[in-house]
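Data block for model38.txt (compact mmCIF, C-alpha atoms):
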# COMPACT_ATOMS: atom_id res chain seq x y z
CA MET A 519 97.72 91.20 81.45
CA THR A 520 94.88 90.81 83.93
CA SER A 521 92.54 93.69 84.72
CA ALA A 522 93.82 93.97 88.31
CA LEU A 523 97.44 94.18 87.12
CA TRP A 524 96.41 96.82 84.61
CA SER A 525 94.53 98.77 87.31
CA HIS A 526 97.54 98.72 89.64
CA LEU A 527 99.79 99.88 86.84
CA VAL A 528 97.49 102.69 85.68
CA LYS A 529 97.14 103.85 89.27
CA ASP A 530 100.93 103.97 89.80
CA LEU A 531 101.52 105.75 86.49
CA ARG A 532 98.72 108.24 87.16
CA ILE A 533 100.08 109.07 90.61
CA GLU A 534 103.60 109.48 89.23
CA TRP A 535 102.33 111.65 86.38
CA ARG A 536 100.67 113.96 88.92
CA SER A 537 103.62 114.17 91.31
CA LEU A 538 106.69 113.30 89.14
CA ASP A 539 108.41 112.45 92.44
CA ALA A 540 110.30 109.39 91.26
CA ILE A 541 111.41 110.59 87.84
CA VAL A 542 112.56 114.05 88.93
CA SER A 543 114.53 112.78 91.93
CA MET A 544 116.16 110.00 89.88
CA LEU A 545 116.99 112.36 87.04
CA PHE A 546 118.56 114.87 89.38
CA PHE A 547 120.59 112.27 91.25
CA SER A 548 121.84 110.31 88.24
CA GLY A 549 122.59 113.53 86.35
CA LEU A 550 124.68 114.66 89.28
CA VAL A 551 126.62 111.36 89.36
CA VAL A 552 127.31 111.53 85.61
CA VAL A 553 128.55 115.13 85.81
CA LEU A 554 130.65 114.58 88.94
CA PHE A 555 132.35 111.48 87.53
CA SER A 556 133.07 113.27 84.26
CA ILE A 557 134.77 116.07 86.22
CA ALA A 558 136.63 113.68 88.53
CA PHE A 559 138.06 111.42 85.81
CA ASP A 560 138.30 113.73 82.79
CA PRO A 561 137.15 110.91 80.52
CA ARG A 562 138.57 110.85 77.00
CA GLY A 563 139.04 108.23 74.28
CA ALA A 564 139.62 104.63 75.33
CA PHE A 565 139.57 105.44 79.05
CA SER A 566 136.13 106.94 78.65
CA GLN A 567 134.90 103.73 76.98
CA GLN A 568 136.37 101.66 79.81
CA ILE A 569 134.65 103.48 82.65
CA ALA A 570 131.44 104.70 81.02
CA GLY A 571 129.60 101.39 81.44
CA GLY A 572 130.39 101.28 85.14
CA VAL A 573 129.42 104.91 85.71
CA LEU A 574 126.12 104.48 83.89
CA CYS A 575 125.20 101.35 85.83
CA VAL A 576 126.21 102.77 89.20
CA ALA A 577 124.38 106.04 88.50
CA THR A 578 121.25 104.09 87.58
CA MET A 579 121.59 101.85 90.62
CA PHE A 580 121.95 104.62 93.19
CA ALA A 581 119.26 106.76 91.57
CA SER A 582 116.87 103.80 91.47
CA VAL A 583 117.33 103.00 95.14
CA SER A 584 115.98 106.41 96.12
CA THR A 585 112.85 105.63 94.11
CA LEU A 586 112.59 102.00 95.15
CA ASN A 587 112.64 103.11 98.76
CA GLN A 588 109.50 105.07 97.96
CA ALA A 589 107.91 102.26 95.93
CA TRP A 590 105.66 101.30 98.84
CA ALA A 591 105.55 104.68 100.60
CA ARG A 592 102.16 105.56 99.19
CA GLU A 593 100.80 102.20 100.28
CA ILE A 594 102.09 102.67 103.84
CA ARG A 595 100.66 106.18 104.12
CA HIS A 596 97.01 106.10 105.25
CA GLN A 597 97.31 102.28 105.61
CA VAL A 598 96.39 101.71 101.97
CA LEU A 599 98.43 98.52 102.20
CA ASP A 600 95.81 97.07 104.56
CA ALA A 601 93.11 97.81 102.00
CA GLN A 602 95.30 96.08 99.38
CA ARG A 603 95.69 93.06 101.66
CA MET A 604 91.90 92.81 102.00
CA VAL A 605 91.14 92.62 98.27
CA PRO A 606 90.87 89.18 96.68
CA SER A 607 93.16 89.88 93.71
CA PRO A 608 96.58 88.22 94.14
CA GLY A 609 99.40 90.23 95.72
CA ALA A 610 101.75 89.06 92.95
CA GLU A 611 99.84 91.30 90.52
CA LEU A 612 100.48 94.31 92.74
CA TYR A 613 104.16 93.37 92.87
CA LEU A 614 104.43 92.93 89.12
CA SER A 615 102.68 96.23 88.44
CA LYS A 616 105.11 98.03 90.73
CA VAL A 617 108.05 96.39 88.95
CA ILE A 618 106.70 97.45 85.55
CA ALA A 619 105.97 101.00 86.74
CA ASN A 620 109.42 101.44 88.30
CA PHE A 621 111.04 99.84 85.26
CA LEU A 622 109.32 102.47 83.09
CA PHE A 623 110.43 105.30 85.41
CA VAL A 624 114.08 104.17 85.36
CA THR A 625 113.97 103.63 81.59
CA ILE A 626 112.61 107.15 81.05
CA VAL A 627 115.48 108.52 83.14
CA GLN A 628 118.01 106.48 81.16
CA VAL A 629 116.59 107.72 77.86
CA ILE A 630 116.76 111.36 79.01
CA LEU A 631 120.22 110.86 80.44
CA ALA A 632 121.71 109.10 77.38
CA PRO A 633 122.51 112.18 75.25
CA PHE A 634 124.13 113.97 78.19
CA PHE A 635 126.11 110.83 78.97
CA ILE A 636 127.44 110.64 75.41
CA ILE A 637 128.40 114.34 75.48
CA PHE A 638 130.06 114.34 78.91
CA TYR A 639 132.04 111.16 78.25
CA ASN A 640 132.88 111.86 74.57
CA LEU A 641 131.56 108.40 73.82
CA GLN A 642 132.04 106.59 70.54
CA ILE A 643 130.51 103.14 70.55
CA ALA A 644 132.92 100.67 68.95
CA GLY A 645 130.72 97.56 69.30
CA GLN A 646 127.13 96.84 68.28
CA ALA A 647 125.23 99.80 69.72
CA TRP A 648 121.82 98.10 69.40
CA LEU A 649 122.85 95.59 72.04
CA LEU A 650 122.68 98.39 74.60
CA ALA A 651 118.95 98.38 74.02
CA LEU A 652 119.01 94.82 75.35
CA VAL A 653 121.56 95.12 78.14
CA LEU A 654 120.21 98.24 79.84
CA PRO A 655 116.57 97.05 80.09
CA LEU A 656 117.71 93.61 81.31
CA GLY A 657 119.93 95.18 83.97
CA THR A 658 117.25 97.67 84.94
CA TRP A 659 114.69 94.87 85.29
CA ALA A 660 117.08 92.94 87.54
CA LEU A 661 117.51 95.99 89.76
CA VAL A 662 113.85 96.90 89.90
CA ALA A 663 112.47 93.36 90.33
CA ASN A 664 114.72 92.81 93.33
CA GLY A 665 114.34 96.36 94.61
CA VAL A 666 110.55 96.27 94.71
CA PHE A 667 110.57 92.88 96.41
CA PHE A 668 113.10 93.82 99.07
CA ALA A 669 111.44 97.20 99.61
CA ALA A 670 108.27 95.26 100.42
CA LEU A 671 110.24 92.96 102.69
CA SER A 672 111.67 95.89 104.66
CA ILE A 673 108.39 97.82 104.71
CA ARG A 674 107.73 97.21 108.40
CA SER A 675 111.25 98.02 109.49
CA ARG A 676 111.99 101.37 111.10
CA ASN A 677 115.29 101.64 109.17
CA ARG A 678 113.76 100.43 105.91
CA GLU A 679 115.71 102.85 103.69
CA LEU A 680 119.05 101.64 105.03
CA LEU A 681 117.87 98.05 105.06
CA LEU A 682 116.93 98.09 101.39
CA SER A 683 120.43 99.14 100.34
CA LEU A 684 121.99 96.56 102.65
CA ILE A 685 119.92 93.72 101.22
CA LEU A 686 119.65 94.83 97.62
CA PHE A 687 123.25 95.70 96.73
CA PRO A 688 124.86 92.33 97.61
CA ILE A 689 122.12 90.43 95.79
CA PHE A 690 122.35 92.72 92.78
CA ILE A 691 126.15 92.24 92.40
CA PRO A 692 125.97 89.41 89.79
CA ALA A 693 123.55 91.45 87.66
CA LEU A 694 125.62 94.61 88.13
CA LEU A 695 128.76 92.75 87.07
CA ALA A 696 127.03 91.37 83.99
CA MET A 697 125.54 94.75 83.14
CA VAL A 698 128.85 96.62 83.49
CA GLN A 699 130.85 93.99 81.58
CA ALA A 700 128.32 93.80 78.77
CA THR A 701 128.09 97.59 78.47
CA THR A 702 131.88 97.96 78.48
CA ALA A 703 132.21 95.19 75.90
CA ILE A 704 129.73 96.99 73.63
CA LEU A 705 131.35 100.41 74.11
CA THR A 706 134.91 99.18 73.52
CA GLY A 707 134.05 96.52 70.95
CA GLU A 708 136.87 94.39 72.33
CA ASN A 709 134.88 91.48 73.76
CA ASP A 710 131.73 89.58 72.95
CA PRO A 711 128.95 90.60 75.41
CA THR A 712 126.77 87.55 74.64
CA LEU A 713 127.75 85.59 77.73
CA TRP A 714 126.98 88.54 80.01
CA ILE A 715 123.65 89.14 78.30
CA LYS A 716 122.72 85.49 78.82
CA MET A 717 123.69 85.81 82.45
CA LEU A 718 121.45 88.85 82.81
CA CYS A 719 118.56 86.96 81.20
CA GLY A 720 119.04 84.04 83.59
CA TYR A 721 119.28 86.33 86.58
CA ASP A 722 116.10 88.15 85.60
CA ILE A 723 114.14 84.95 85.10
CA ILE A 724 115.27 83.37 88.37
CA PHE A 725 114.80 86.41 90.59
CA THR A 726 111.53 87.55 89.04
CA THR A 727 110.06 84.04 89.39
CA ALA A 728 111.27 83.69 92.98
CA SER A 729 109.89 87.13 93.89
CA LEU A 730 106.52 86.38 92.30
CA LEU A 731 106.27 83.10 94.19
CA LEU A 732 107.31 84.56 97.52
CA PHE A 733 105.58 87.90 97.34
CA ASP A 734 102.25 86.82 98.83
CA VAL A 735 104.03 85.54 101.92
CA VAL A 736 105.82 88.88 102.38
CA PHE A 737 102.73 90.89 101.51
CA HIS A 738 100.42 89.20 103.99
CA ALA A 739 102.95 89.01 106.81
CA GLU A 740 101.87 90.91 109.93
CA MET B 123 90.36 82.57 132.63
CA THR B 124 88.06 82.33 129.69
CA THR B 125 85.82 85.26 129.09
CA GLN B 126 82.73 84.02 127.38
CA ALA B 127 80.29 86.50 125.99
CA SER B 128 77.65 85.44 123.60
CA ALA B 129 74.25 86.51 122.52
CA GLU B 130 71.09 84.68 123.49
CA PRO B 131 70.73 81.46 121.52
CA THR B 132 68.89 82.23 118.30
CA SER B 133 68.33 80.49 115.02
CA SER B 134 70.16 83.18 113.05
CA THR B 135 73.42 82.36 111.33
CA ILE B 136 76.82 83.31 112.67
CA SER B 137 78.92 85.75 110.65
CA ALA B 138 82.00 85.44 112.82
CA ARG B 139 82.98 83.34 115.79
CA LEU B 140 85.93 84.01 118.05
CA ASP B 141 86.91 81.19 120.36
CA LYS B 142 89.31 82.04 123.20
CA VAL B 143 91.19 84.48 121.02
CA SER B 144 94.27 86.10 122.50
CA LYS B 145 96.65 88.43 120.74
CA LEU B 146 100.12 89.17 122.03
CA PHE B 147 102.41 91.93 120.80
CA GLY B 148 105.67 90.86 122.38
CA SER B 149 104.80 90.46 126.04
CA PHE B 150 101.79 92.80 125.82
CA ALA B 151 98.44 91.06 125.60
CA ALA B 152 96.11 93.19 123.49
CA LEU B 153 93.35 90.58 123.66
CA ARG B 154 92.90 87.91 126.34
CA GLN B 155 90.77 84.83 125.70
CA VAL B 156 87.94 86.62 123.94
CA SER B 157 85.08 84.38 122.88
CA VAL B 158 82.17 85.96 121.07
CA ASP B 159 79.73 85.15 118.30
CA PHE B 160 78.61 87.81 115.82
CA GLU B 161 75.23 86.98 114.31
CA SER B 162 74.23 87.95 110.81
CA GLY B 163 72.15 91.05 110.38
CA ARG B 164 73.11 92.50 113.75
CA CYS B 165 75.05 95.57 114.71
CA TYR B 166 77.67 95.18 117.43
CA VAL B 167 79.18 98.24 119.05
CA LEU B 168 82.57 97.80 120.68
CA VAL B 169 83.35 100.29 123.40
CA GLY B 170 86.22 100.67 125.80
CA GLU B 171 89.06 102.96 126.71
CA ASN B 172 92.07 103.50 124.45
CA GLY B 173 94.19 100.35 124.36
CA ALA B 174 91.29 98.12 125.41
CA GLY B 175 91.77 95.96 122.31
CA LYS B 176 88.93 97.20 120.08
CA SER B 177 91.03 97.87 116.98
CA THR B 178 92.99 94.66 117.47
CA LEU B 179 89.73 92.72 117.60
CA LEU B 180 88.57 94.33 114.34
CA ARG B 181 91.90 93.66 112.63
CA ILE B 182 91.71 90.01 113.68
CA LEU B 183 88.17 89.79 112.30
CA ALA B 184 89.42 91.39 109.07
CA GLY B 185 92.19 88.80 108.76
CA LEU B 186 94.89 91.47 108.97
CA LEU B 187 96.18 90.01 112.23
CA ARG B 188 96.36 86.40 113.23
CA PRO B 189 95.44 85.48 116.79
CA SER B 190 98.33 84.30 118.97
CA PHE B 191 95.98 81.77 120.57
CA GLY B 192 92.44 80.66 119.90
CA THR B 193 90.52 80.42 116.65
CA ILE B 194 88.46 82.70 114.50
CA LYS B 195 86.04 81.59 111.83
CA VAL B 196 83.83 83.70 109.62
CA PHE B 197 80.70 82.78 107.65
CA ASP B 198 80.68 79.03 107.15
CA GLY B 199 83.83 78.15 109.07
CA LEU B 200 86.20 80.07 106.83
CA ASP B 201 89.45 81.71 107.78
CA PRO B 202 88.99 85.52 107.52
CA HIS B 203 91.81 85.70 104.97
CA GLN B 204 89.97 83.26 102.68
CA ALA B 205 86.76 85.25 102.99
CA ARG B 206 88.35 88.70 102.70
CA ALA B 207 86.30 89.64 99.63
CA ARG B 208 83.18 89.35 101.80
CA ILE B 209 84.57 91.52 104.59
CA GLY B 210 84.79 95.32 104.51
CA TYR B 211 87.21 97.01 106.88
CA MET B 212 87.39 100.72 107.61
CA SER B 213 90.35 101.80 109.70
CA HIS B 214 91.24 105.05 111.53
CA ALA B 215 93.28 105.94 108.45
CA PRO B 216 91.32 106.47 105.22
CA MET B 217 93.16 103.70 103.29
CA LEU B 218 93.00 105.72 100.06
CA TYR B 219 95.51 107.53 97.86
CA ASP B 220 95.91 111.28 98.37
CA GLU B 221 96.90 111.86 94.73
CA LEU B 222 93.70 110.44 93.21
CA THR B 223 90.17 111.79 93.27
CA ALA B 224 87.55 109.92 95.28
CA GLN B 225 86.06 108.48 92.11
CA GLU B 226 89.48 107.32 90.83
CA ASN B 227 90.26 105.73 94.19
CA LEU B 228 86.98 103.85 94.24
CA ARG B 229 87.18 102.78 90.61
CA TYR B 230 90.63 101.40 91.31
CA PHE B 231 89.54 99.40 94.35
CA ALA B 232 86.41 98.14 92.58
CA SER B 233 88.63 96.68 89.86
CA LEU B 234 90.46 94.58 92.47
CA TYR B 235 87.38 92.48 93.22
CA PRO B 236 87.22 90.21 90.17
CA GLY B 237 84.00 88.24 89.96
CA ARG B 238 82.29 90.21 92.71
CA GLU B 239 79.42 92.52 91.94
CA CYS B 240 80.58 95.93 93.14
CA LEU B 241 78.63 99.16 93.38
CA GLU B 242 79.38 101.86 90.85
CA PRO B 243 81.92 104.25 92.43
CA GLY B 244 79.58 107.18 91.82
CA GLU B 245 76.71 105.33 93.49
CA ALA B 246 78.85 104.48 96.53
CA LEU B 247 79.90 108.13 96.85
CA ARG B 248 76.32 109.35 96.58
CA MET B 249 75.31 106.86 99.30
CA VAL B 250 77.68 108.55 101.74
CA GLY B 251 76.55 112.00 100.67
CA LEU B 252 79.48 112.99 98.47
CA ASP B 253 79.45 114.45 94.99
CA PRO B 254 81.11 111.91 92.65
CA GLU B 255 82.02 114.64 90.18
CA LEU B 256 84.10 116.58 92.71
CA PRO B 257 87.32 117.31 90.80
CA ARG B 258 89.51 117.67 93.90
CA ILE B 259 92.06 115.01 94.76
CA PHE B 260 91.50 113.08 97.96
CA GLY B 261 94.45 114.77 99.69
CA GLN B 262 92.52 118.06 99.57
CA TYR B 263 89.42 116.67 101.29
CA SER B 264 88.36 117.69 104.79
CA GLN B 265 88.52 115.09 107.58
CA GLY B 266 84.78 114.47 107.42
CA MET B 267 84.86 113.99 103.65
CA ARG B 268 87.78 111.61 104.00
CA GLN B 269 85.82 109.58 106.50
CA ARG B 270 82.84 109.37 104.15
CA THR B 271 85.01 108.40 101.19
CA SER B 272 86.62 105.73 103.31
CA LEU B 273 83.18 104.34 104.12
CA ALA B 274 82.29 104.44 100.42
CA ARG B 275 85.35 102.29 99.70
CA VAL B 276 84.16 99.75 102.26
CA LEU B 277 80.64 99.67 100.85
CA LEU B 278 81.91 99.28 97.29
CA ALA B 279 82.19 95.48 97.32
CA GLN B 280 78.91 95.11 99.24
CA PRO B 281 80.51 93.16 102.10
CA GLU B 282 78.49 90.85 104.27
CA LEU B 283 80.56 91.76 107.34
CA LEU B 284 81.36 95.44 107.90
CA LEU B 285 84.14 96.26 110.35
CA LEU B 286 84.27 99.96 111.12
CA ASP B 287 86.93 101.43 113.37
CA GLU B 288 85.77 104.77 114.80
CA PRO B 289 83.50 105.61 111.84
CA PHE B 290 82.03 108.68 113.57
CA SER B 291 85.27 110.42 114.46
CA ASN B 292 85.79 113.87 112.91
CA MET B 293 82.18 114.00 111.73
CA ASP B 294 79.55 116.59 112.57
CA VAL B 295 76.25 115.60 114.19
CA GLU B 296 74.31 115.72 110.94
CA SER B 297 76.86 113.51 109.15
CA VAL B 298 76.85 111.01 112.02
CA SER B 299 73.08 110.80 111.81
CA GLN B 300 73.25 110.19 108.04
CA MET B 301 75.89 107.50 108.53
CA VAL B 302 73.80 105.77 111.19
CA GLN B 303 70.81 105.73 108.82
CA LEU B 304 72.98 104.27 106.09
CA LEU B 305 74.32 101.55 108.39
CA ALA B 306 70.79 100.80 109.59
CA GLY B 307 69.86 100.12 105.95
CA PHE B 308 72.76 97.71 105.61
CA ARG B 309 71.78 95.91 108.78
CA ARG B 310 68.24 95.50 107.47
CA HIS B 311 69.75 93.76 104.43
CA ASN B 312 71.15 91.11 106.78
CA ARG B 313 74.68 92.49 106.80
CA THR B 314 76.60 92.28 110.04
CA ILE B 315 78.17 95.44 111.40
CA VAL B 316 80.88 95.55 114.03
CA LEU B 317 81.97 99.05 114.89
CA THR B 318 84.14 100.64 117.52
CA THR B 319 83.36 104.04 118.93
CA HIS B 320 83.93 106.36 121.83
CA GLN B 321 80.55 107.97 121.02
CA ARG B 322 78.35 105.21 122.34
CA GLU B 323 75.19 107.32 122.15
CA ALA B 324 75.80 108.04 118.46
CA ALA B 325 75.67 104.32 117.64
CA ALA B 326 72.79 103.57 120.04
CA PRO B 327 70.03 103.75 117.35
CA ILE B 328 71.51 100.75 115.54
CA ALA B 329 73.25 98.88 118.36
CA ASP B 330 71.81 95.40 118.83
CA TRP B 331 74.62 94.55 121.23
CA VAL B 332 77.17 96.64 123.06
CA LEU B 333 80.39 94.85 123.83
CA ALA B 334 82.64 96.60 126.34
CA LEU B 335 86.31 95.68 126.35
CA HIS B 336 88.68 96.38 129.18
CA ALA B 337 92.39 95.53 129.10
CA GLY B 338 91.82 93.02 126.31
CA ARG B 339 88.97 91.19 128.02
CA VAL B 340 85.23 91.32 127.46
CA ALA B 341 84.02 93.38 130.43
CA SER B 342 80.33 93.34 129.52
CA PHE B 343 78.03 92.27 126.72
CA GLU B 344 74.75 94.13 126.87
CA LYS B 345 71.70 94.07 124.68
CA GLY B 346 71.06 97.36 122.99
CA SER B 347 67.76 98.99 122.11
CA PRO B 348 68.00 99.84 118.45
CA THR B 349 65.46 102.28 117.08
CA GLN B 350 66.37 102.17 113.39
Could I get this file's structure written as structure tokens?
Amino acid sequence: MTSALWSHLVKDLRIEWRSLDAIVSMLFFSGLVVVLFSIAFDPRGAFSQQIAGGVLCVATMFASVSTLNQAWAREIRHQVLDAQRMVPSPGAELYLSKVIANFLFVTIVQVILAPFFIIFYNLQIAGQAWLLALVLPLGTWALVANGVFFAALSIRSRNRELLLSLILFPIFIPALLAMVQATTAILTGENDPTLWIKMLCGYDIIFTTASLLLFDVVFHAE
Amino acid sequence: MTTQASAEPTSSTISARLDKVSKLFGSFAALRQVSVDFESGRCYVLVGENGAGKSTLLRILAGLLRPSFGTIKVFDGLDPHQARARIGYMSHAPMLYDELTAQENLRYFASLYPGRECLEPGEALRMVGLDPELPRIFGQYSQGMRQRTSLARVLLAQPELLLLDEPFSNMDVESVSQMVQLLAGFRRHNRTIVLTTHQREAAAPIADWVLALHAGRVASFEKGSPTQ
């Protein structure tokens, strides 16, 4: 990790630690989704295992978008982004640091949410539970890597919050599908999630690489 | 029509050269065929009414905007974007994070200049008359303090070309005088200063040249009488 990447990351974590904007809003929103779905579907037994993966992924996705929309808000305010564009360190490092920071925020929310999720959905994991520790971070990375990139792309748009959802959700569908299928396969123990996990890995590699390569163009656009 | 405004021929080096630069925002021309040379170690004061093109000119010099027509070269024929580590740009906005202290902000920006000898954040803050140990976050600073911190950020990387957009706004007379003295020191160290202001008299002690813009064109280019 280069010193500039580390500086960006420390800055983002320090600001979040002082404001807790992202984590609190995500926690509130995803908690609400989990509770509302548990009331709406009365999840028990096998049915609970079938839908839990989908609910978790969708809750994470919608909660993350509220934070991803704000990923560049602090840079836009007071034109800090212009100061960032004037420094010689590569823009890709700023992008990567934002991905890592947001990945950590979403992961913290998932960790806090997990016990409540298990209680509300009466979950008993039939498959290999440790695989969830692989699937959820891979899916979260896919969401955040794309989200941060497209949030930067829509930064100069007046309707940027709407635009991010419109661009991000269709592109995230393959990763969402893989994440939901893998999670469901692990919870039910009926299928092998390996194929879906491989797909998530491939998705992450391709989209992270493409975003890193293209970020400077987006970053320095007028 | 080409508006040509240049200083008397001298042997000094050129920090930035604009050649017939125009900048269009849609159908609105913010700058029209501006040609001007900025010599090293000089202070240029840009004046003009709101919308005259002063800020656009600075942003083009900073490499934040690309000209629609014409060319701009800085230092030894470089594109401003390539030479951005050598250019310091201070905007109307402070370009700093509200949630961090001044020292944290400056330490952060200093770390983004790998391989360049930067001032210590505390030293830069002391230069602009601020206490580096102030525990308050930047968001709680007064307008004048924000302006000084913003200048400290610009000075941090010891740029050879300083671009200052309205550096004296929201500052009291004493602070303006201190800032002028500070900028005079930089000019003496052969650094080029281009600043915009509506307070022409405030910048007069360091103004080698006063460039007046009107509707995106160079209206006049007068020699100043610097006293510092």
Extract, using all atoms listed in the file, all DNA, RNA and protein residues at most 8 Å from Leu335 of chain B, discarding same-chain residues fewer than 6 positions from it, and format them as a ChimeraX atom specification. /B:168-171,174-176,341-342
Near-Val196 of chain B list (8 Å; all atoms listed in the file; drop same-chain fewer than 4 positions) as a PyMOL selection string: chain B and resi 136-139+183+200-202+205
Would you kindly return, as JSON, numbers by chain, each protein, DNA or RNA residue with an atom no farther than 8 Å from any atom of Ser543 of chain A, considering only C-alpha atoms and excluding same-chain residues fewer than 2 positions away? {"A": [539, 540, 541, 545, 546, 547, 581, 584, 585]}
Written selection (C-alpha atoms) as a short mmCIF file (atom, residue, chain, number, x, y, z; two decimals), in the coordinates of the input:
data_model
loop_
_atom_site.label_atom_id
_atom_site.label_comp_id
_atom_site.auth_asym_id
_atom_site.auth_seq_id
_atom_site.Cartn_x
_atom_site.Cartn_y
_atom_site.Cartn_z
CA ASP A 539 108.41 112.45 92.44
CA ALA A 540 110.30 109.39 91.26
CA ILE A 541 111.41 110.59 87.84
CA LEU A 545 116.99 112.36 87.04
CA PHE A 546 118.56 114.87 89.38
CA PHE A 547 120.59 112.27 91.25
CA ALA A 581 119.26 106.76 91.57
CA SER A 584 115.98 106.41 96.12
CA THR A 585 112.85 105.63 94.11
#
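Comparing A:Leu554, A:Leu531, A:Val605, A:Ala663 by their smallest distance to Ala728 of chain A, the closest is A:Ala663 (using only C-alpha atoms).
Each of B:Trp331, B:Phe147, B:Tyr211, B:Phe308 was compared to chain A using only C-alpha atoms, and B:Tyr211 turns out to be the nearest.
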Distance-based interface of chain A with chain B, 10 Å, counting all atoms listed in the file, as number ranges by chain: A: 520-526, 528-529, 532-537, 592-608, 738-740
Residues at most 8 Å from Ala329 of chain B, counting all atoms listed in the file, excluding those fewer than 6 positions away in the same chain, as a ChimeraX atom specification? /B:164-167,346-348
Could you list, as a PyMOL selection string, every residue within 12 Å of Gly707 of chain A, counting all atoms listed in the file and ignoring same-chain residues fewer than 2 positions away? chain A and resi 564+567-568+642-647+649+699-705+709-711
What separates atom CA of Arg154 of chain B and atom CA of Arg339 of chain B is a distance of 5.4 Å
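Distance-wise, atom CA of Ile618 of chain A and atom CA of Ala224 of chain B end up 24.8 Å apart.
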Atom CA of Tyr639 of chain A to atom CA of Phe555 of chain A measures 9.3 Å
Taking all atoms listed in the file into account, which of B:Leu278, B:Gln262, B:Thr223, B:Phe191 comes nearest Pro243 of chain B? B:Leu278
Kindly extract all protein, DNA and RNA residues lying within 9 Å of the coordinates (121.2, 102.5, 82.7) given in the file, considering only C-alpha atoms, and supply them as JSON, numbers by chain. {"A": [571, 574, 575, 576, 577, 578, 579, 624, 625, 627, 628, 629, 631, 632, 653, 654, 655, 657, 658, 697]}
Serialized selection, C-alpha atoms, as a tab-separated table (two decimals), keeping the file's coordinate frame:
chain	number	residue	atom	x	y	z
A	571	GLY	CA	129.60	101.39	81.44
A	574	LEU	CA	126.12	104.48	83.89
A	575	CYS	CA	125.20	101.35	85.83
A	576	VAL	CA	126.21	102.77	89.20
A	577	ALA	CA	124.38	106.04	88.50
A	578	THR	CA	121.25	104.09	87.58
A	579	MET	CA	121.59	101.85	90.62
A	624	VAL	CA	114.08	104.17	85.36
A	625	THR	CA	113.97	103.63	81.59
A	627	VAL	CA	115.48	108.52	83.14
A	628	GLN	CA	118.01	106.48	81.16
A	629	VAL	CA	116.59	107.72	77.86
A	631	LEU	CA	120.22	110.86	80.44
A	632	ALA	CA	121.71	109.10	77.38
A	653	VAL	CA	121.56	95.12	78.14
A	654	LEU	CA	120.21	98.24	79.84
A	655	PRO	CA	116.57	97.05	80.09
A	657	GLY	CA	119.93	95.18	83.97
A	658	THR	CA	117.25	97.67	84.94
A	697	MET	CA	125.54	94.75	83.14
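For the residues B:Gln300, B:Pro254, B:Lys195, B:Arg310, ranking by smallest atom-to-atom distance to Val143 of chain B using all atoms listed in the file places B:Lys195 first.
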File output for segment 157-168 of chain B (C-alpha atoms) as a short mmCIF file (atom, residue, chain, number, x, y, z; two decimals), in the first residue's frame:
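That gives us decode.cif:
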data_model
loop_
_atom_site.label_atom_id
_atom_site.label_comp_id
_atom_site.auth_asym_id
_atom_site.auth_seq_id
_atom_site.Cartn_x
_atom_site.Cartn_y
_atom_site.Cartn_z
CA SER B 157 -2.82 35.81 -25.16
CA VAL B 158 -0.57 36.66 -22.26
CA ASP B 159 2.82 35.70 -20.88
CA PHE B 160 3.41 35.40 -17.14
CA GLU B 161 7.06 35.91 -16.26
CA SER B 162 8.76 34.21 -13.36
CA GLY B 163 9.11 36.13 -10.14
CA ARG B 164 6.36 38.60 -11.00
CA CYS B 165 3.00 39.26 -9.45
CA TYR B 166 0.06 39.67 -11.82
CA VAL B 167 -3.21 41.06 -10.54
CA LEU B 168 -6.32 40.20 -12.52
#
